Each structure stands twice: as C-alpha cells, then as structure tokens.
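This is structure_15.pdb (PDB, C-alpha atoms).
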ATOM      1  CA  MET W   1      53.934   7.818 131.225
ATOM      2  CA  LYS W   2      51.086   8.939 133.484
ATOM      3  CA  ALA W   3      49.185  10.384 130.543
ATOM      4  CA  HIS W   4      49.590   7.101 128.669
ATOM      5  CA  VAL W   5      48.267   5.113 131.627
ATOM      6  CA  SER W   6      45.303   7.440 132.038
ATOM      7  CA  PHE W   7      44.371   7.157 128.370
ATOM      8  CA  PHE W   8      44.690   3.373 128.523
ATOM      9  CA  SER W   9      42.444   3.316 131.597
ATOM     10  CA  PHE W  10      39.883   5.444 129.788
ATOM     11  CA  LEU W  11      39.850   3.043 126.832
ATOM     12  CA  CYS W  12      39.356   0.119 129.188
ATOM     13  CA  LEU W  13      36.441   1.883 130.849
ATOM     14  CA  ILE W  14      34.791   2.495 127.478
ATOM     15  CA  CYS W  15      35.208  -1.168 126.593
ATOM     16  CA  LEU W  16      33.460  -2.204 129.794
ATOM     17  CA  LEU W  17      30.375  -0.103 129.074
ATOM     18  CA  PRO W  18      27.348  -1.911 127.639
ATOM     19  CA  ALA W  19      27.111  -1.626 123.868
ATOM     20  CA  SER W  20      23.809   0.243 124.189
ATOM     21  CA  ALA W  21      25.364   2.887 126.451
ATOM     22  CA  GLN W  22      28.163   3.444 123.934
ATOM     23  CA  GLN W  23      26.006   3.783 120.824
ATOM     24  CA  ILE W  24      22.711   5.439 121.807
ATOM     25  CA  SER W  25      22.829   9.115 120.872
ATOM     26  CA  SER W  26      19.513   9.872 122.608
ATOM     27  CA  ARG W  27      16.973   8.032 124.727
ATOM     28  CA  TRP W  28      14.134  10.086 123.211
ATOM     29  CA  MET W  29      12.458   8.411 120.245
ATOM     30  CA  ASP W  30      11.640  11.707 118.575
ATOM     31  CA  GLU W  31      15.326  12.717 118.597
ATOM     32  CA  LEU W  32      16.446   9.628 116.676
ATOM     33  CA  ASN W  33      16.366   9.308 112.906
ATOM     34  CA  TRP W  34      15.021   6.184 111.256
ATOM     35  CA  LEU W  35      18.466   4.735 110.570
ATOM     36  CA  GLU W  36      19.478   5.021 114.229
ATOM     37  CA  PHE W  37      16.164   3.582 115.354
ATOM     38  CA  ARG W  38      16.484   0.600 113.011
ATOM     39  CA  GLU W  39      19.918  -0.179 114.441
ATOM     40  CA  LEU W  40      18.748   0.079 118.048
ATOM     41  CA  VAL W  41      15.360  -1.658 118.171
ATOM     42  CA  PRO W  42      15.199  -4.502 119.006
ATOM     43  CA  ALA W  43      18.860  -5.492 118.647
ATOM     44  CA  LYS W  44      20.117  -3.230 121.434
ATOM     45  CA  VAL W  45      16.952  -1.874 123.044
ATOM     46  CA  LYS W  46      13.818  -3.954 123.648
ATOM     47  CA  THR W  47      12.059  -1.652 126.101
ATOM     48  CA  VAL W  48      10.133   1.579 125.599
ATOM     49  CA  LEU W  49       8.744   3.964 128.219
ATOM     50  CA  LEU W  50       5.439   5.576 127.257
ATOM     51  CA  THR W  51       4.366   8.403 129.563
ATOM     52  CA  THR W  52       0.740   9.444 130.035
ATOM     53  CA  GLY W  53      -1.017  12.174 131.986
ATOM     54  CA  THR W  54      -3.607  14.914 131.615
ATOM     55  CA  LEU W  55      -4.305  18.570 132.361
ATOM     56  CA  GLU W  56      -6.200  19.144 135.604
ATOM     57  CA  PRO W  57      -6.027  21.282 138.784
ATOM     58  CA  HIS W  58      -3.491  20.418 141.472
ATOM     59  CA  GLY W  59      -4.031  22.816 144.342
ATOM     60  CA  VAL W  60      -1.158  25.293 144.131
ATOM     61  CA  ALA W  61       0.911  23.220 141.692
ATOM     62  CA  ASN W  62       0.713  23.491 137.911
ATOM     63  CA  ASN W  63      -2.172  22.007 135.909
ATOM     64  CA  GLY W  64       0.365  19.930 133.992
ATOM     65  CA  ALA W  65       1.701  18.107 137.065
ATOM     66  CA  ASP W  66       0.348  14.794 135.766
ATOM     67  CA  ASN W  67       2.319  15.315 132.554
ATOM     68  CA  LEU W  68       5.554  16.621 134.044
ATOM     69  CA  ALA W  69       5.961  13.927 136.717
ATOM     70  CA  PRO W  70       5.933  10.806 134.495
ATOM     71  CA  VAL W  71       8.120  12.446 131.836
ATOM     72  CA  LYS W  72      10.769  13.281 134.437
ATOM     73  CA  ILE W  73      10.565   9.763 135.861
ATOM     74  CA  ALA W  74      11.070   8.251 132.409
ATOM     75  CA  GLU W  75      13.977  10.589 131.749
ATOM     76  CA  ALA W  76      15.591   9.603 135.050
ATOM     77  CA  ILE W  77      15.289   5.821 134.637
ATOM     78  CA  ALA W  78      15.630   5.295 130.862
ATOM     79  CA  GLU W  79      19.349   4.578 130.806
ATOM     80  CA  ASP W  80      19.195   2.453 133.952
ATOM     81  CA  VAL W  81      16.566   0.148 132.429
ATOM     82  CA  ASN W  82      17.990   0.433 128.874
ATOM     83  CA  ALA W  83      14.867   1.920 127.337
ATOM     84  CA  LEU W  84      13.861   4.512 124.808
ATOM     85  CA  ILE W  85      11.267   7.142 125.704
ATOM     86  CA  ALA W  86       8.231   7.482 123.454
ATOM     87  CA  PRO W  87       6.558  10.866 122.890
ATOM     88  CA  HIS W  88       4.242  11.776 125.760
ATOM     89  CA  ILE W  89       0.419  11.508 125.657
ATOM     90  CA  PRO W  90      -0.654  14.764 127.399
ATOM     91  CA  TYR W  91      -4.471  14.538 127.443
ATOM     92  CA  GLY W  92      -6.381  11.955 129.432
ATOM     93  CA  VAL W  93      -9.591  10.878 131.157
ATOM     94  CA  THR W  94      -9.763  13.768 133.609
ATOM     95  CA  GLY W  95     -13.278  13.122 134.911
ATOM     96  CA  SER W  96     -14.651  15.155 137.826
ATOM     97  CA  MET W  97     -11.719  17.594 137.755
ATOM     98  CA  ALA W  98     -12.494  18.595 134.163
ATOM     99  CA  PRO W  99     -14.735  21.599 134.997
ATOM    100  CA  TYR W 100     -11.817  23.478 136.611
ATOM    101  CA  PRO W 101     -10.132  26.239 134.561
ATOM    102  CA  GLY W 102      -7.399  24.937 132.265
ATOM    103  CA  ALA W 103      -8.416  21.275 132.529
ATOM    104  CA  LEU W 104      -9.162  19.036 129.538
ATOM    105  CA  HIS W 105     -11.075  15.770 129.416
ATOM    106  CA  ILE W 106     -10.905  13.008 126.816
ATOM    107  CA  PRO W 107     -13.808  10.522 127.129
ATOM    108  CA  ALA W 108     -12.696   6.970 127.858
ATOM    109  CA  GLU W 109     -14.337   5.680 124.677
ATOM    110  CA  VAL W 110     -12.105   8.044 122.676
ATOM    111  CA  TYR W 111      -8.979   7.695 124.807
ATOM    112  CA  ALA W 112      -8.889   3.875 124.828
ATOM    113  CA  PRO W 113      -8.622   3.304 121.045
ATOM    114  CA  TYR W 114      -6.060   6.094 120.726
ATOM    115  CA  VAL W 115      -3.832   4.554 123.402
ATOM    116  CA  ARG W 116      -4.332   1.131 121.820
ATOM    117  CA  ALA W 117      -3.164   2.485 118.459
ATOM    118  CA  VAL W 118      -0.050   3.959 120.096
ATOM    119  CA  LEU W 119       0.753   0.658 121.836
ATOM    120  CA  GLU W 120       0.152  -1.267 118.596
ATOM    121  CA  GLY W 121       2.554   1.097 116.838
ATOM    122  CA  LEU W 122       5.243   0.568 119.457
ATOM    123  CA  ALA W 123       4.843  -3.202 119.155
ATOM    124  CA  LYS W 124       4.982  -2.978 115.358
ATOM    125  CA  ASN W 125       8.260  -1.078 115.625
ATOM    126  CA  GLY W 126       9.896  -3.970 117.441
ATOM    127  CA  PHE W 127       9.635  -3.185 121.139
ATOM    128  CA  LYS W 128       9.150  -6.298 123.250
ATOM    129  CA  ASN W 129       8.572  -4.519 126.571
ATOM    130  CA  ILE W 130       6.156  -1.574 126.734
ATOM    131  CA  VAL W 131       6.185   0.229 130.080
ATOM    132  CA  ILE W 132       3.522   2.887 130.642
ATOM    133  CA  VAL W 133       4.539   5.423 133.286
ATOM    134  CA  ASN W 134       1.210   7.018 134.149
ATOM    135  CA  GLY W 135       0.765  10.335 135.933
ATOM    136  CA  HIS W 136      -3.020  10.494 136.297
ATOM    137  CA  GLY W 137      -5.386   8.373 138.363
ATOM    138  CA  GLY W 138      -9.128   7.830 138.389
ATOM    139  CA  PRO W 139     -10.759   6.023 135.460
ATOM    140  CA  GLN W 140      -7.654   6.537 133.313
ATOM    141  CA  THR W 141      -5.805   3.832 135.240
ATOM    142  CA  GLU W 142      -8.472   1.250 134.430
ATOM    143  CA  VAL W 143      -8.400   2.163 130.737
ATOM    144  CA  LEU W 144      -4.607   1.913 130.563
ATOM    145  CA  GLN W 145      -4.476  -1.423 132.370
ATOM    146  CA  ARG W 146      -7.212  -2.941 130.227
ATOM    147  CA  VAL W 147      -5.846  -1.734 126.895
ATOM    148  CA  ALA W 148      -2.264  -2.663 127.804
ATOM    149  CA  GLN W 149      -3.321  -6.197 128.652
ATOM    150  CA  GLU W 150      -5.324  -6.540 125.449
ATOM    151  CA  VAL W 151      -2.360  -5.434 123.331
ATOM    152  CA  ALA W 152       0.016  -7.723 125.226
ATOM    153  CA  LEU W 153      -2.166 -10.767 124.592
ATOM    154  CA  ALA W 154      -2.890  -9.884 120.973
ATOM    155  CA  ARG W 155       0.646  -8.919 119.927
ATOM    156  CA  GLY W 156       2.766 -11.198 122.111
ATOM    157  CA  VAL W 157       4.533  -8.308 123.853
ATOM    158  CA  ASN W 158       5.040  -7.556 127.535
ATOM    159  CA  THR W 159       3.259  -4.569 129.086
ATOM    160  CA  LEU W 160       3.558  -2.900 132.472
ATOM    161  CA  VAL W 161       1.491   0.030 133.750
ATOM    162  CA  VAL W 162       3.081   1.983 136.605
ATOM    163  CA  ASN W 163       1.007   4.549 138.480
ATOM    164  CA  TRP W 164       4.009   6.189 140.129
ATOM    165  CA  TRP W 165       2.317   7.647 143.228
ATOM    166  CA  ALA W 166       0.566   4.357 144.040
ATOM    167  CA  ALA W 167       3.578   2.170 143.238
ATOM    168  CA  CYS W 168       5.704   3.865 145.896
ATOM    169  CA  PRO W 169       3.400   4.578 148.887
ATOM    170  CA  GLU W 170       6.126   3.926 151.447
ATOM    171  CA  ALA W 171       8.138   6.869 150.113
ATOM    172  CA  ALA W 172       5.436   9.385 151.080
ATOM    173  CA  GLN W 173       4.884   7.779 154.466
ATOM    174  CA  GLU W 174       8.600   7.729 155.274
ATOM    175  CA  VAL W 175       9.276  11.312 154.181
ATOM    176  CA  PHE W 176       6.074  13.088 155.229
ATOM    177  CA  GLY W 177       4.507  10.778 157.789
ATOM    178  CA  ASN W 178       1.296  10.564 155.746
ATOM    179  CA  PRO W 179       0.119   8.954 152.487
ATOM    180  CA  GLY W 180      -0.559  12.273 150.748
ATOM    181  CA  GLY W 181      -3.188  12.437 148.038
ATOM    182  CA  HIS W 182      -4.106  14.118 144.785
ATOM    183  CA  ALA W 183      -2.248  17.457 144.893
ATOM    184  CA  GLY W 184      -1.366  16.521 148.454
ATOM    185  CA  GLU W 185       1.963  16.926 150.195
ATOM    186  CA  ASN W 186       3.586  14.109 148.237
ATOM    187  CA  GLU W 187       2.544  15.100 144.704
ATOM    188  CA  THR W 188       3.141  18.798 145.371
ATOM    189  CA  ALA W 189       6.600  17.980 146.714
ATOM    190  CA  PHE W 190       7.412  15.903 143.640
ATOM    191  CA  ILE W 191       6.686  18.883 141.408
ATOM    192  CA  GLN W 192       8.580  21.179 143.782
ATOM    193  CA  ALA W 193      11.638  18.966 143.445
ATOM    194  CA  ILE W 194      11.442  19.222 139.658
ATOM    195  CA  ASN W 195      10.772  22.962 139.492
ATOM    196  CA  PRO W 196       9.964  24.991 142.656
ATOM    197  CA  LYS W 197       8.613  27.848 140.526
ATOM    198  CA  LEU W 198       5.635  25.687 139.537
ATOM    199  CA  VAL W 199       4.390  25.522 143.137
ATOM    200  CA  LYS W 200       2.707  28.766 144.235
ATOM    201  CA  ARG W 201       2.847  28.240 147.978
ATOM    202  CA  GLU W 202       1.662  31.799 148.672
ATOM    203  CA  ARG W 203      -1.762  30.888 147.245
ATOM    204  CA  LEU W 204      -2.372  27.901 149.527
ATOM    205  CA  ALA W 205      -4.941  29.834 151.600
ATOM    206  CA  GLN W 206      -7.144  30.011 148.487
ATOM    207  CA  VAL W 207      -7.354  26.212 148.171
ATOM    208  CA  THR W 208      -9.151  23.870 150.547
ATOM    209  CA  ALA W 209      -8.560  20.135 150.848
ATOM    210  CA  THR W 210     -11.015  17.285 151.241
ATOM    211  CA  ALA W 211     -10.680  13.591 151.965
ATOM    212  CA  ASN W 212     -11.374  11.277 149.056
ATOM    213  CA  PRO W 213     -14.598   9.309 149.597
ATOM    214  CA  ALA W 214     -14.585   5.590 150.200
ATOM    215  CA  PRO W 215     -15.560   3.628 147.069
ATOM    216  CA  GLY W 216     -19.317   3.867 146.597
ATOM    217  CA  ALA W 217     -19.801   6.401 149.376
ATOM    218  CA  TRP W 218     -20.401   9.532 147.305
ATOM    219  CA  ALA W 219     -19.275  11.253 144.137
ATOM    220  CA  ALA W 220     -19.409  14.891 143.060
ATOM    221  CA  THR W 221     -18.811  16.646 139.752
ATOM    222  CA  PRO W 222     -17.062  19.034 139.777
ATOM    223  CA  ALA W 223     -14.859  17.596 142.503
ATOM    224  CA  PRO W 224     -15.368  19.821 145.577
ATOM    225  CA  SER W 225     -11.642  20.457 145.932
ATOM    226  CA  SER W 226      -8.570  20.328 143.724
ATOM    227  CA  ILE W 227      -6.718  18.715 146.662
ATOM    228  CA  GLY W 228      -8.009  15.255 147.504
ATOM    229  CA  LEU W 229      -6.416  13.529 150.492
ATOM    230  CA  TYR W 230      -6.187   9.793 150.982
ATOM    231  CA  GLN W 231      -6.930  10.222 154.693
ATOM    232  CA  LYS W 232      -9.069  12.871 156.349
ATOM    233  CA  GLY W 233      -6.916  15.626 157.832
ATOM    234  CA  ALA W 234      -3.605  14.105 156.689
ATOM    235  CA  GLY W 235      -1.460  14.916 153.703
ATOM    236  CA  ALA W 236      -2.309  18.487 152.738
ATOM    237  CA  PRO W 237       0.610  20.652 151.524
ATOM    238  CA  SER W 238       2.074  22.576 154.454
ATOM    239  CA  ASP W 239       5.714  23.539 154.973
ATOM    240  CA  PHE W 240       6.972  23.015 151.368
ATOM    241  CA  ASP W 241      10.331  21.820 152.701
ATOM    242  CA  GLN W 242      12.723  21.609 149.742
ATOM    243  CA  ARG W 243      14.902  18.956 151.404
ATOM    244  CA  LYS W 244      11.880  16.718 151.933
ATOM    245  CA  ALA W 245      10.758  17.349 148.358
ATOM    246  CA  ASP W 246      14.157  16.363 146.972
ATOM    247  CA  ASP W 247      14.303  13.303 149.231
ATOM    248  CA  TYR W 248      10.846  12.179 148.119
ATOM    249  CA  TYR W 249      11.768  12.681 144.459
ATOM    250  CA  ARG W 250      14.891  10.521 144.814
ATOM    251  CA  ARG W 251      12.982   7.774 146.618
ATOM    252  CA  VAL W 252      10.267   7.663 143.958
ATOM    253  CA  ILE W 253      12.784   7.516 141.111
ATOM    254  CA  ALA W 254      14.637   4.663 142.816
ATOM    255  CA  CYS W 255      11.366   2.877 143.563
ATOM    256  CA  VAL W 256      10.033   3.042 140.004
ATOM    257  CA  ALA W 257      13.402   2.051 138.524
ATOM    258  CA  ALA W 258      13.565  -0.962 140.838
ATOM    259  CA  LEU W 259      10.022  -2.006 139.920
ATOM    260  CA  VAL W 260      10.680  -1.797 136.186
ATOM    261  CA  LYS W 261      14.029  -3.604 136.395
ATOM    262  CA  ASP W 262      12.554  -6.348 138.573
ATOM    263  CA  THR W 263       9.689  -6.872 136.138
ATOM    264  CA  LEU W 264      12.037  -6.970 133.144
ATOM    265  CA  ARG W 265      14.260  -9.478 134.946
ATOM    266  CA  LYS W 266      11.321 -11.736 135.767
ATOM    267  CA  TRP W 267      10.059 -11.591 132.186
ATOM    268  CA  GLU W 268      13.552 -12.583 131.064
ATOM    269  CA  GLN W 269      13.685 -15.488 133.507
ATOM    270  CA  ALA W 270      10.263 -16.701 132.382
ATOM    271  CA  GLY W 271      11.362 -16.681 128.752
ATOM    272  CA  PHE W 272       9.127 -13.789 127.668
ATOM    273  CA  ASN W 273      11.946 -11.503 126.527
TER     274      ASN W 273
END
What does the file become when written as structure tokens?
Amino acid sequence: MKAHVSFFSFLCLICLLPASAQQISSRWMDELNWLEFRELVPAKVKTVLLTTGTLEPHGVANNGADNLAPVKIAEAIAEDVNALIAPHIPYGVTGSMAPYPGALHIPAEVYAPYVRAVLEGLAKNGFKNIVIVNGHGGPQTEVLQRVAQEVALARGVNTLVVNWWAACPEAAQEVFGNPGGHAGENETAFIQAINPKLVKRERLAQVTATANPAPGAWAATPAPSSIGLYQKGAGAPSDFDQRKADDYYRRVIACVAALVKDTLRKWEQAGFN
C-alpha cells in the first residue's frame, strides 16, 4: 500500500511540473536537434540566453574568466527563467588589455555586425526574449547595448543586456566590504567558486593593482595592470577565502536570475511577450 501511495504521489508531482520542465531534454541549443528545437521554440520557450566575453588577463585568474563567468551564470539560471542557452561568443572588444600574453582583440567595427547577425538569427528562429549575459566590460558593453537595441526595434523582439558584475554591486560590498574591480576580489572570487584551480594565488606577488581612472582623466595602452580596482586601495585579491567566494557566487546567481525574471514579467505585463 505504501509503495502504491508513493508512486501515486510521484505521478502527481510530475503532473504539477511545468510542461517545459517535463519535455526539455537540454537547455543548451547545440545539444538539441532540429525537431526538438521546432517543438520548443516559441511554443514552450520564448527566451534565449546568449553569453559573451573575451580573452584577457585577470591578475592571477585565468585569461578566460570573462568567458567562464557568464556561461556558468546562464547554466545556473536557464531553467529558473525557462530559457535555452545559445552557443557562447568567446572573443570580444578587449581594448587596452589586448597586448598582454594570451589576450585577443576583435575591433568594434568587426564585432558589432557579427553580434548583430547572431541576434538576428536568434530572432529568426522564434525567440521573443533575447538576454545577453556579458562577461567583459569596456567598449564591448556599449557595442552590445547599441546592437541589442537596434535589433529589438527592427525585429520586434525584446532584448536585455546584463553585465553581471555591474548588475549586482551590492553582492561584492556585502561579502567583501569593497566594490572590487577588474580581476579584483569579487571577480577573482567568482572564478574561485567555479573552479579554485584556475586561481593561482601563489603568484599574487607578481601582479600589482591600480585604481581605474575617472572618465576622461587618463588612458594607457597597454593597461598598466591586469588588476583594475574601482576604488584606490580597495578590492585587490587578498585572502582567497573559499566561503566568501561561494557566498558571492550564490548572491550573484540569485541577483541575475531575479533581474531577468523581473524584466520578463514586466515585458509580459506590458504586452510585449
């Protein structure tokens, strides 16, 4: 009798799950075949997460930090926001960090039309909501915001660009007591939470940190340091506390998920979805 009740309860639980959760074999677009995709988009899934980044130095963290972070964020929130994950765009507008070993730079005039073509393709395939989870700052953010808006207006879709580190500033302040910076305590901790082996803490003495200049104050190429702090003397990697890293990671994931869900809800209420 107990076994029968348990099986009945299990069936009831399955019935209560959203149809999308029951039928989606993978959240990754490149793991779906065309028949599965046709059944899912847009009937069951209207939202796609497109991740973007670049290869550039990050103090003692890996050069691919700007690629790894947004991909892991998308992976963590995809089911919660009922989205598919598009293949990642790994090369970006690196700028003043490009001269460092292992970095690559795509000029904005080349990057912009490529990203536009990707967004156009996602719209053509039936996605109504295109969410860009971006891992790299500088001029790349301006390009992404401009192109995303142009595609939204031209194709009648909804676009959102999320620069994860900037979207959740309170998380860094609450966990570390400082705003962090490029390759600072916050970004290094985020990578540490994903894979501690990618953070070479023993090499920290070989890397100096500098405060980012105020807009219009000065600019240098190559950037004088691979660690750029938002505030002078605050936010450099220090104790590499794994508990803080894990806490920061969880807060950022929750923050980005909440932002995306809130935006999707408001689009729905406004009749745009």
Hey, could you pull the box centre and edge lengths for range 184-203 of chain W, axis-aligned, 4 Å padding per side, all listed atoms, to one decimal in Å, as lines of an AutoDock Vina configuration file?
center_x = 4.9
center_y = 23.0
center_z = 144.8
size_x = 21.4
size_y = 25.7
size_z = 18.7
Decode the PyMOL selection byres ((chain W and resi 96) around 10) for the given file into explicit residues and return them as an mmCIF file with C-alpha atoms, in the frame of the given file.
data_model
loop_
_atom_site.group_PDB
_atom_site.id
_atom_site.type_symbol
_atom_site.label_atom_id
_atom_site.label_comp_id
_atom_site.auth_asym_id
_atom_site.auth_seq_id
_atom_site.Cartn_x
_atom_site.Cartn_y
_atom_site.Cartn_z
ATOM 1 C CA GLU W 56 -6.200 19.144 135.604
ATOM 2 C CA VAL W 93 -9.591 10.878 131.157
ATOM 3 C CA THR W 94 -9.763 13.768 133.609
ATOM 4 C CA GLY W 95 -13.278 13.122 134.911
ATOM 5 C CA MET W 97 -11.719 17.594 137.755
ATOM 6 C CA ALA W 98 -12.494 18.595 134.163
ATOM 7 C CA PRO W 99 -14.735 21.599 134.997
ATOM 8 C CA TYR W 100 -11.817 23.478 136.611
ATOM 9 C CA HIS W 105 -11.075 15.770 129.416
ATOM 10 C CA GLY W 138 -9.128 7.830 138.389
ATOM 11 C CA ALA W 219 -19.275 11.253 144.137
ATOM 12 C CA ALA W 220 -19.409 14.891 143.060
ATOM 13 C CA THR W 221 -18.811 16.646 139.752
ATOM 14 C CA PRO W 222 -17.062 19.034 139.777
ATOM 15 C CA ALA W 223 -14.859 17.596 142.503
ATOM 16 C CA PRO W 224 -15.368 19.821 145.577
ATOM 17 C CA SER W 226 -8.570 20.328 143.724
#
Need the shell around Ala258 in chain W: protein/DNA/RNA residues with any atom at most 10 Å away, counting all atoms listed in the file. Skip same-chain ones fewer than 4 positions apart. Format as a PyMOL selection string?
chain W and resi 77+80-81+252-254+262-264
Could you tell me how far CA of His58 in chain W sits from CA of Asn212 in chain W, in Å to one decimal place?
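Between CA of Asn212 in chain W and CA of His58 in chain W the gap works out to 14.3 Å.
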Evaluate the PyMOL selection byres ((chain W and resi 139) around 10) and record the selected residues as a ChimeraX atom specification, following the chain and residue labels used in the document.
/W:92-95,107-108,136-138,140-144
Output of the PyMOL selection byres ((chain W and resi 36-53) around 9), listed as a ChimeraX atom specification
/W:19-20,23-25,29,32-35,54-55,64-71,73-74,78,81-93,119,122,125-137,140,264,273
